file target_20.txt (compact mmCIF, C-alpha atoms and all ligand atoms)
# COMPACT_ATOMS: atom_id res chain seq x y z
CA MET R 251 148.69 114.42 114.81
CA PRO R 252 147.34 115.37 111.36
CA ALA R 253 145.84 118.77 110.52
CA PRO R 254 142.07 118.24 110.27
CA SER R 255 140.93 117.89 106.67
CA ALA R 256 137.46 119.39 106.21
CA PHE R 257 134.61 116.90 106.35
CA ASP R 258 132.80 117.04 103.00
CA PRO R 259 129.08 116.12 103.22
CA ALA R 260 128.74 116.29 99.40
CA ALA R 261 131.52 113.68 99.02
CA LEU R 262 129.75 111.45 101.56
CA LEU R 263 126.49 111.65 99.59
CA ARG R 264 128.30 110.85 96.32
CA LEU R 265 129.89 107.74 97.85
CA LEU R 266 126.69 106.30 99.33
CA PRO R 267 124.32 104.13 97.31
CA ARG R 268 121.73 106.56 95.92
CA ALA R 269 118.82 104.98 97.84
CA LEU R 270 120.65 105.45 101.13
CA ALA R 271 121.78 109.00 100.31
CA GLN R 272 118.11 109.88 99.75
CA ARG R 273 117.14 108.49 103.16
CA LEU R 274 119.97 110.19 105.09
CA ASP R 275 119.59 113.27 107.30
CA LEU R 276 123.12 114.40 108.14
CA HIS R 277 123.98 116.99 110.79
CA TRP R 278 127.70 117.77 110.85
CA LEU R 279 128.88 119.99 113.73
CA ALA R 280 132.22 121.73 114.32
CA GLU R 281 131.93 120.98 118.03
CA CYS R 282 129.54 119.51 120.56
CA ALA R 283 129.73 117.85 123.97
CA SER R 284 128.69 114.42 122.71
CA THR R 285 127.16 113.39 119.38
CA ASN R 286 125.06 110.83 121.31
CA ASP R 287 123.42 113.67 123.28
CA GLU R 288 122.81 115.64 120.08
CA ALA R 289 121.28 112.62 118.33
CA MET R 290 119.04 111.90 121.33
CA ARG R 291 117.58 115.44 120.98
CA LEU R 292 116.71 115.12 117.26
CA PRO R 293 113.11 114.62 116.15
CA LEU R 294 112.40 110.91 115.64
CA PRO R 295 112.92 109.95 111.99
CA GLU R 296 110.62 107.67 110.01
CA PRO R 297 111.86 104.09 110.61
CA GLU R 298 113.33 103.77 107.10
CA ARG R 299 115.33 107.01 107.40
CA LEU R 300 118.79 107.37 108.92
CA SER R 301 119.58 110.45 111.03
CA VAL R 302 123.27 110.98 111.71
CA VAL R 303 125.07 113.55 113.86
CA GLY R 304 128.84 113.88 113.45
CA ALA R 305 131.29 116.30 114.98
CA ASP R 306 134.84 117.44 114.28
CA ARG R 307 135.35 117.77 118.03
CA GLN R 308 133.59 116.40 121.11
CA THR R 309 134.22 118.13 124.43
CA ARG R 310 132.58 115.46 126.62
CA GLY R 311 132.66 112.24 124.62
CA ARG R 312 131.31 109.30 126.60
CA GLY R 313 132.32 105.66 126.50
CA ARG R 314 130.78 102.49 127.91
CA GLN R 315 130.73 101.89 131.66
CA ALA R 316 130.80 105.64 132.42
CA ARG R 317 134.26 106.01 130.89
CA VAL R 318 135.41 109.14 129.06
CA TRP R 319 135.93 108.77 125.29
CA GLN R 320 138.91 110.85 124.25
CA SER R 321 139.25 112.04 120.70
CA TRP R 322 141.24 114.69 118.87
CA PRO R 323 140.03 116.97 116.04
CA GLY R 324 141.05 115.53 112.68
CA ALA R 325 142.35 112.38 114.35
CA SER R 326 138.97 110.74 115.05
CA LEU R 327 135.70 109.97 113.39
CA THR R 328 132.96 110.57 115.95
CA PHE R 329 129.31 110.20 115.01
CA SER R 330 125.96 108.89 116.21
CA CYS R 331 123.05 107.38 114.29
CA LEU R 332 119.48 107.79 115.47
CA PHE R 333 117.20 104.86 114.68
CA ALA R 334 113.45 104.72 115.34
CA PHE R 335 112.04 101.22 115.87
CA PRO R 336 108.34 100.44 116.40
CA ALA R 337 107.41 99.69 120.03
CA GLY R 338 108.02 96.03 120.78
CA THR R 339 110.92 95.59 118.30
CA THR R 340 113.42 93.12 119.76
CA LEU R 341 116.77 94.84 120.09
CA GLU R 342 118.58 91.77 121.40
CA ALA R 343 122.33 91.82 120.65
CA LEU R 344 122.11 95.09 118.71
CA PRO R 345 125.56 96.17 120.05
CA LEU R 346 127.11 92.99 118.64
CA ALA R 347 125.47 93.48 115.23
CA VAL R 348 126.79 97.07 115.18
CA GLY R 349 130.31 95.88 116.06
CA ALA R 350 130.23 93.30 113.25
CA ALA R 351 128.94 95.90 110.79
CA LEU R 352 131.76 98.31 111.68
CA ALA R 353 134.36 95.56 111.40
CA ARG R 354 133.07 94.61 107.95
CA GLY R 355 133.13 98.28 106.93
CA LEU R 356 136.81 98.56 107.95
CA GLN R 357 137.63 95.38 106.05
CA ALA R 358 135.88 96.76 102.97
CA LEU R 359 138.13 99.83 103.21
CA GLY R 360 141.17 97.54 103.09
CA ALA R 361 142.06 97.10 106.77
CA ALA R 362 143.54 93.71 107.66
CA GLU R 363 143.61 91.86 111.02
CA VAL R 364 140.21 93.30 112.00
CA GLY R 365 138.60 91.53 114.96
CA LEU R 366 135.93 91.88 117.62
CA LYS R 367 136.05 91.72 121.39
CA TRP R 368 132.77 90.96 123.14
CA PRO R 369 130.44 92.72 123.22
CA ASN R 370 131.33 95.35 120.62
CA ASP R 371 134.91 96.62 120.66
CA VAL R 372 136.42 96.71 117.18
CA LEU R 373 140.08 95.69 117.09
CA ILE R 374 142.93 95.80 114.63
CA ALA R 375 145.84 93.49 115.37
CA GLY R 376 144.45 92.93 118.88
CA ALA R 377 144.22 96.62 119.88
CA LYS R 378 141.02 98.70 120.06
CA VAL R 379 140.44 100.95 117.06
CA ALA R 380 136.74 101.76 117.56
CA GLY R 381 134.17 101.74 120.36
CA VAL R 382 130.38 101.80 120.36
CA LEU R 383 128.01 103.37 122.88
CA ILE R 384 124.33 102.49 122.37
CA GLU R 385 121.63 104.34 124.31
CA ALA R 386 117.89 103.78 124.02
CA GLN R 387 114.70 105.46 125.24
CA SER R 388 111.41 103.63 125.07
CA ARG R 389 107.84 104.14 126.26
CA SER R 390 105.36 101.29 126.02
CA THR R 391 103.41 102.52 122.99
CA ALA R 392 105.78 105.03 121.34
CA PRO R 393 108.59 104.13 118.91
CA ILE R 394 111.89 103.16 120.52
CA ARG R 395 114.58 105.80 120.10
CA VAL R 396 117.99 104.18 119.71
CA VAL R 397 121.23 106.13 119.42
CA VAL R 398 124.28 104.26 118.14
CA GLY R 399 127.43 106.27 118.88
CA VAL R 400 130.71 105.34 117.20
CA GLY R 401 134.21 106.57 117.94
CA LEU R 402 136.91 105.51 115.46
CA ASN R 403 140.54 106.37 116.18
CA LEU R 404 142.24 107.67 113.04
CA ASP R 405 145.43 108.74 114.79
CA LEU R 406 146.55 108.75 118.44
CA PRO R 407 149.22 110.54 120.45
CA PRO R 408 152.13 108.09 120.92
CA ASP R 409 151.85 108.27 124.73
CA PHE R 410 148.08 107.61 124.85
CA HIS R 411 146.99 104.96 127.36
CA PRO R 412 143.23 104.37 127.36
CA GLU R 413 141.10 103.60 130.40
CA GLY R 414 140.02 99.99 130.67
CA GLY R 415 143.24 98.10 130.06
CA LEU R 416 142.84 97.16 126.39
CA PRO R 417 145.60 98.75 124.25
CA ALA R 418 144.43 101.26 121.65
CA THR R 419 145.40 101.67 118.03
CA ALA R 420 144.53 104.01 115.20
CA LEU R 421 143.47 103.31 111.62
CA ALA R 422 146.35 105.37 110.15
CA ARG R 423 148.79 102.82 111.57
CA HIS R 424 147.16 100.05 109.51
CA LEU R 425 145.72 101.68 106.38
CA SER R 426 147.77 103.82 104.01
CA PRO R 427 146.73 106.17 102.57
CA LEU R 428 144.05 106.82 105.17
CA PRO R 429 140.77 107.66 103.40
CA PRO R 430 139.16 111.02 104.33
CA ARG R 431 136.50 110.97 107.04
CA ASP R 432 133.63 111.34 104.53
CA ALA R 433 134.76 108.16 102.74
CA LEU R 434 135.19 106.30 106.04
CA LEU R 435 131.76 107.37 107.19
CA ALA R 436 130.18 106.29 103.89
CA ALA R 437 131.61 102.76 104.26
CA LEU R 438 130.42 102.46 107.85
CA LEU R 439 126.96 104.00 107.31
CA GLU R 440 126.19 101.57 104.52
CA ARG R 441 126.68 98.64 106.92
CA LEU R 442 124.98 100.36 109.89
CA ASP R 443 121.93 100.98 107.71
CA ALA R 444 121.83 97.25 106.98
CA VAL R 445 121.71 96.64 110.77
CA ARG R 446 118.83 99.13 111.08
CA ALA R 447 116.93 97.39 108.26
CA ALA R 448 117.48 93.89 109.70
CA TYR R 449 116.20 94.86 113.16
CA LEU R 450 113.25 96.71 111.62
CA ALA R 451 112.38 93.58 109.62
CA GLY R 452 112.55 91.47 112.80
CA HIS R 453 115.67 89.49 111.77
CA GLY R 454 117.67 90.91 114.68
CA PHE R 455 121.14 89.46 115.30
CA ALA R 456 120.67 86.33 113.16
CA PRO R 457 122.30 87.74 109.99
CA TRP R 458 125.37 88.79 112.03
CA GLN R 459 125.96 85.83 114.38
CA GLU R 460 128.14 83.91 111.94
CA GLN R 461 130.07 87.03 110.93
CA TRP R 462 130.58 87.97 114.58
CA ASN R 463 131.98 84.54 115.37
CA ALA R 464 134.25 84.65 112.31
CA LEU R 465 135.66 87.99 113.53
CA ASP R 466 135.94 86.97 117.22
CA ALA R 467 139.51 87.83 118.26
CA TYR R 468 139.34 85.81 121.50
CA ARG R 469 137.75 82.58 120.29
CA GLY R 470 139.57 79.53 121.63
CA LEU R 471 141.63 81.64 124.05
CA PRO R 472 141.56 81.56 127.88
CA VAL R 473 139.62 84.58 129.18
CA ALA R 474 138.26 86.02 132.41
CA VAL R 475 134.81 87.62 132.41
CA ARG R 476 134.40 90.02 135.31
CA ASP R 477 130.98 91.30 136.43
CA GLY R 478 131.48 93.34 139.60
CA GLU R 479 133.01 91.00 142.17
CA ARG R 480 132.18 87.90 140.14
CA GLU R 481 134.78 86.44 137.80
CA LEU R 482 134.30 83.53 135.41
CA VAL R 483 137.29 81.90 133.80
CA GLY R 484 137.17 79.67 130.74
CA ILE R 485 137.91 79.26 127.07
CA ALA R 486 136.00 81.73 124.85
CA ALA R 487 133.71 79.80 122.51
CA GLY R 488 132.00 82.51 120.46
CA VAL R 489 128.50 83.97 120.86
CA ASP R 490 125.08 82.35 120.65
CA GLU R 491 122.10 83.56 118.60
CA THR R 492 121.12 86.02 121.36
CA GLY R 493 124.60 87.51 121.57
CA ARG R 494 125.64 85.85 124.84
CA LEU R 495 129.33 85.07 125.20
CA LEU R 496 129.91 81.32 125.51
CA LEU R 497 132.60 80.04 127.85
CA ASP R 498 133.89 76.51 128.26
CA THR R 499 134.73 76.28 131.96
CA ALA R 500 135.86 73.53 134.29
CA GLY R 501 132.21 73.32 135.42
CA GLY R 502 130.75 73.08 131.90
CA HIS R 503 129.41 75.37 129.18
CA ILE R 504 128.30 78.84 130.43
CA ALA R 505 126.61 81.74 128.60
CA CYS R 506 127.45 85.26 129.85
CA CYS R 507 125.13 88.25 129.37
CA VAL R 508 127.25 90.96 131.04
CA GLY R 509 130.84 91.53 132.06
CA ASP R 510 134.21 92.84 131.02
CA VAL R 511 136.34 90.35 129.13
CA SER R 512 140.10 90.17 129.44
CA LEU R 513 142.60 87.70 128.12
CA ARG R 514 143.97 85.43 130.82
CA PRO R 515 147.49 84.07 130.38
CA LEU R 516 147.67 80.28 130.27
CA ALA R 517 148.68 78.88 133.69
C1 LIG R 601 133.48 102.66 124.28
O1 LIG R 601 134.18 101.86 123.68
O2 LIG R 601 133.61 102.86 125.49
C2 LIG R 601 132.44 103.40 123.52
C3 LIG R 601 132.96 104.67 122.90
C4 LIG R 601 131.92 105.43 122.11
C5 LIG R 601 132.40 106.79 121.69
C6 LIG R 601 131.47 107.45 120.74
S1 LIG R 601 132.18 108.89 120.00
C7 LIG R 601 130.63 109.32 119.32
C8 LIG R 601 129.60 109.03 120.38
N1 LIG R 601 129.46 110.15 121.28
C9 LIG R 601 129.85 109.85 122.52
O3 LIG R 601 129.83 110.64 123.50
N2 LIG R 601 130.25 108.57 122.58
C10 LIG R 601 130.13 107.92 121.30
call {"tool": "encode", "arguments": {"input": "target_20.txt", "output": "structure tokens"}}
result
Amino acid sequence: MPAPSAFDPAALLRLLPRALAQRLDLHWLAECASTNDEAMRLPLPEPERLSVVGADRQTRGRGRQARVWQSWPGASLTFSCLFAFPAGTTLEALPLAVGAALARGLQALGAAEVGLKWPNDVLIAGAKVAGVLIEAQSRSTAPIRVVVGVGLNLDLPPDFHPEGGLPATALARHLSPLPPRDALLAALLERLDAVRAAYLAGHGFAPWQEQWNALDAYRGLPVAVRDGERELVGIAAGVDETGRLLLDTAGGHIACCVGDVSLRPLA
């Protein structure tokens, strides 16, 4: 595992478009339990501003479905963005838009074989390189507080086996030289800010549906979608405009809202 190189906020600001750098409130911590928890505690920003909490080390990183998110100092980029949306903003398919934005950011940095697994796992060469945990708090009249937490593996111990079955990979295995964390964060924040702006403007997932489908790593493949005891089997056929996963099954076309997707070997 690499020695941690210091995160340089000044380098991040230099790399961002000036207009975004001026709207960014960055809080970089040596250690915290979870950057999502820290971001949830921040004062709500104005909707056009971007508040970001990053940490060199998380002691209780959380993943989706109550899983633990493991990361190692210097070997991960862990951060959370806090967005404020006016009450009533439709947040449909936000996790998918975030996944597509991250995937495009990694491609812009030079990574090849980048793909997506529904709803928002980011893959390289079929293995998970980044995960997203989105948490929201809303009251009927107040702005909606949305925290978008991102964990990007930069390096991994060779014997690491993640929870959840999907193999993991790390960016250093696919991108050489690996850019420093400030440069990685700049590339990702630029695209995440575009997601914030699109949802604020009411465009929602529409600008990302086509990109999501182009990046879909499972499209055309036989998959099983498990939701508790229920399992649906079919051929993955992309996502619709509301972010539902489409499956071609023996019984017809089905749209799935929830579930864990796994590849199913052909019989
Ligand atoms: C997943 O794929 O299960 C989601 C992983 C999300 C991990 C990130 S790391 C930064 C932020 N803080 C957390 O506690 N979780 C997210």
call {"tool": "residues_near_ligand", "arguments": {"input": "target_20.txt", "ligand": "ligand LIG 601 (chain R)", "cutoff": "10 Å", "atoms": "all atoms listed in the file", "output": "JSON, numbers by chain"}}
result
{"R": [282, 283, 284, 285, 286, 287, 288, 289, 303, 304, 305, 307, 308, 309, 310, 311, 312, 313, 314, 315, 316, 317, 318, 319, 320, 321, 326, 327, 328, 329, 330, 331, 369, 370, 371, 372, 378, 379, 380, 381, 382, 383, 384, 385, 397, 398, 399, 400, 401, 402, 403, 412, 413, 414]}
call {"tool": "closest_residue", "arguments": {"input": "target_20.txt", "among": "R:Gln459, R:Arg476, R:Cys506, R:Ala448", "to": "R:Thr340", "atoms": "all atoms listed in the file"}}
result
R:Ala448
call {"tool": "closest_residue", "arguments": {"input": "target_20.txt", "among": "R:Arg469, R:Arg389, R:Arg268, R:Arg395", "to": "R:Val511", "atoms": "all atoms listed in the file"}}
result
R:Arg469
call {"tool": "atom_distance", "arguments": {"input": "target_20.txt", "atom1": "atom CA of R:Glu363", "atom2": "atom CA of R:Ala474"}}
result
22.8 Å
call {"tool": "residues_around", "arguments": {"input": "target_20.txt", "residues": "R:Leu465", "least_positions_apart": "6", "cutoff": "9 Å", "atoms": "only C-alpha atoms", "output": "PyMOL selection string"}}
result
chain R and resi 350+353+364-367
call {"tool": "write_last_selection", "arguments": {"input": "target_20.txt", "atoms": "C-alpha atoms", "output": "mmCIF file, in the coordinates of the input"}}
result
data_model
loop_
_atom_site.group_PDB
_atom_site.id
_atom_site.type_symbol
_atom_site.label_atom_id
_atom_site.label_comp_id
_atom_site.auth_asym_id
_atom_site.auth_seq_id
_atom_site.Cartn_x
_atom_site.Cartn_y
_atom_site.Cartn_z
ATOM 1 C CA ALA R 350 130.230 93.300 113.250
ATOM 2 C CA ALA R 353 134.360 95.560 111.400
ATOM 3 C CA VAL R 364 140.210 93.300 112.000
ATOM 4 C CA GLY R 365 138.600 91.530 114.960
ATOM 5 C CA LEU R 366 135.930 91.880 117.620
ATOM 6 C CA LYS R 367 136.050 91.720 121.390
#
call {"tool": "atom_distance", "arguments": {"input": "target_20.txt", "atom1": "atom CA of R:Gly338", "atom2": "atom CA of R:Ile394"}}
result
8.1 Å
call {"tool": "residues_around", "arguments": {"input": "target_20.txt", "residues": "R:Leu263", "least_positions_apart": "2", "cutoff": "12 Å", "atoms": "all atoms listed in the file", "output": "mmCIF file with C-alpha atoms, in the coordinates of the input"}}
result
data_model
loop_
_atom_site.group_PDB
_atom_site.id
_atom_site.type_symbol
_atom_site.label_atom_id
_atom_site.label_comp_id
_atom_site.auth_asym_id
_atom_site.auth_seq_id
_atom_site.Cartn_x
_atom_site.Cartn_y
_atom_site.Cartn_z
ATOM 1 C CA PHE R 257 134.610 116.900 106.350
ATOM 2 C CA ASP R 258 132.800 117.040 103.000
ATOM 3 C CA PRO R 259 129.080 116.120 103.220
ATOM 4 C CA ALA R 260 128.740 116.290 99.400
ATOM 5 C CA ALA R 261 131.520 113.680 99.020
ATOM 6 C CA LEU R 265 129.890 107.740 97.850
ATOM 7 C CA LEU R 266 126.690 106.300 99.330
ATOM 8 C CA PRO R 267 124.320 104.130 97.310
ATOM 9 C CA ARG R 268 121.730 106.560 95.920
ATOM 10 C CA ALA R 269 118.820 104.980 97.840
ATOM 11 C CA LEU R 270 120.650 105.450 101.130
ATOM 12 C CA ALA R 271 121.780 109.000 100.310
ATOM 13 C CA GLN R 272 118.110 109.880 99.750
ATOM 14 C CA ARG R 273 117.140 108.490 103.160
ATOM 15 C CA LEU R 274 119.970 110.190 105.090
ATOM 16 C CA ASP R 275 119.590 113.270 107.300
ATOM 17 C CA LEU R 276 123.120 114.400 108.140
ATOM 18 C CA ASP R 432 133.630 111.340 104.530
ATOM 19 C CA ALA R 433 134.760 108.160 102.740
ATOM 20 C CA LEU R 435 131.760 107.370 107.190
ATOM 21 C CA ALA R 436 130.180 106.290 103.890
ATOM 22 C CA ALA R 437 131.610 102.760 104.260
ATOM 23 C CA LEU R 439 126.960 104.000 107.310
ATOM 24 C CA GLU R 440 126.190 101.570 104.520
#
call {"tool": "closest_residue", "arguments": {"input": "target_20.txt", "among": "R:Ile485, R:Leu404, R:Ile504, R:Leu341", "to": "R:Gly452", "atoms": "only C-alpha atoms"}}
result
R:Leu341
call {"tool": "atom_distance", "arguments": {"input": "target_20.txt", "atom1": "atom CA of R:His277", "atom2": "atom CA of R:Trp458"}}
result
28.3 Å
call {"tool": "residues_around", "arguments": {"input": "target_20.txt", "residues": "R:Ala334", "least_positions_apart": "3", "cutoff": "7 Å", "atoms": "only C-alpha atoms", "output": "PyMOL selection string"}}
result
chain R and resi 294-297+393-396
call {"tool": "build_atoms", "arguments": {"input": "target_20.txt", "residues": "stretch 335-360 of chain R", "atoms": "N, CA and C atoms", "output": "CSV table (one decimal), keeping the file's coordinate frame"}}
result
chain,number,residue,atom,x,y,z
R,335,PHE,N,112.6,102.6,116.1
R,335,PHE,CA,112.0,101.2,115.9
R,335,PHE,C,110.6,101.2,116.5
R,336,PRO,N,109.7,100.5,115.8
R,336,PRO,CA,108.3,100.4,116.4
R,336,PRO,C,108.4,99.8,117.8
R,337,ALA,N,107.5,100.3,118.7
R,337,ALA,CA,107.4,99.7,120.0
R,337,ALA,C,107.3,98.2,119.9
R,338,GLY,N,108.1,97.5,120.8
R,338,GLY,CA,108.0,96.0,120.8
R,338,GLY,C,109.1,95.4,119.9
R,339,THR,N,109.8,96.2,119.1
R,339,THR,CA,110.9,95.6,118.3
R,339,THR,C,112.0,95.0,119.2
R,340,THR,N,112.4,93.8,118.9
R,340,THR,CA,113.4,93.1,119.8
R,340,THR,C,114.8,93.7,119.4
R,341,LEU,N,115.5,94.2,120.4
R,341,LEU,CA,116.8,94.8,120.1
R,341,LEU,C,117.9,94.0,120.6
R,342,GLU,N,117.6,92.7,120.9
R,342,GLU,CA,118.6,91.8,121.4
R,342,GLU,C,119.9,91.8,120.6
R,343,ALA,N,121.0,91.9,121.3
R,343,ALA,CA,122.3,91.8,120.6
R,343,ALA,C,122.6,92.9,119.6
R,344,LEU,N,121.8,94.0,119.7
R,344,LEU,CA,122.1,95.1,118.7
R,344,LEU,C,123.6,95.6,118.8
R,345,PRO,N,124.2,95.7,120.0
R,345,PRO,CA,125.6,96.2,120.0
R,345,PRO,C,126.5,95.2,119.3
R,346,LEU,N,126.2,93.9,119.3
R,346,LEU,CA,127.1,93.0,118.6
R,346,LEU,C,127.0,93.1,117.1
R,347,ALA,N,125.7,93.3,116.7
R,347,ALA,CA,125.5,93.5,115.2
R,347,ALA,C,126.2,94.7,114.7
R,348,VAL,N,126.1,95.8,115.6
R,348,VAL,CA,126.8,97.1,115.2
R,348,VAL,C,128.3,96.9,115.1
R,349,GLY,N,128.9,96.2,116.1
R,349,GLY,CA,130.3,95.9,116.1
R,349,GLY,C,130.7,95.1,114.8
R,350,ALA,N,129.9,94.1,114.5
R,350,ALA,CA,130.2,93.3,113.2
R,350,ALA,C,130.1,94.2,112.0
R,351,ALA,N,129.1,95.0,112.0
R,351,ALA,CA,128.9,95.9,110.8
R,351,ALA,C,130.1,96.8,110.6
R,352,LEU,N,130.6,97.4,111.7
R,352,LEU,CA,131.8,98.3,111.7
R,352,LEU,C,133.0,97.6,111.2
R,353,ALA,N,133.2,96.4,111.8
R,353,ALA,CA,134.4,95.6,111.4
R,353,ALA,C,134.3,95.3,109.9
R,354,ARG,N,133.2,94.9,109.4
R,354,ARG,CA,133.1,94.6,108.0
R,354,ARG,C,133.3,95.9,107.1
R,355,GLY,N,132.9,97.0,107.6
R,355,GLY,CA,133.1,98.3,106.9
R,355,GLY,C,134.6,98.6,106.8
R,356,LEU,N,135.4,98.3,107.9
R,356,LEU,CA,136.8,98.6,108.0
R,356,LEU,C,137.5,97.6,107.0
R,357,GLN,N,137.0,96.3,107.0
R,357,GLN,CA,137.6,95.4,106.0
R,357,GLN,C,137.4,95.8,104.6
R,358,ALA,N,136.2,96.3,104.3
R,358,ALA,CA,135.9,96.8,103.0
R,358,ALA,C,136.8,97.9,102.5
R,359,LEU,N,137.2,98.7,103.5
R,359,LEU,CA,138.1,99.8,103.2
R,359,LEU,C,139.6,99.4,103.0
R,360,GLY,N,139.8,98.1,103.3
R,360,GLY,CA,141.2,97.5,103.1
R,360,GLY,C,141.9,97.2,104.3
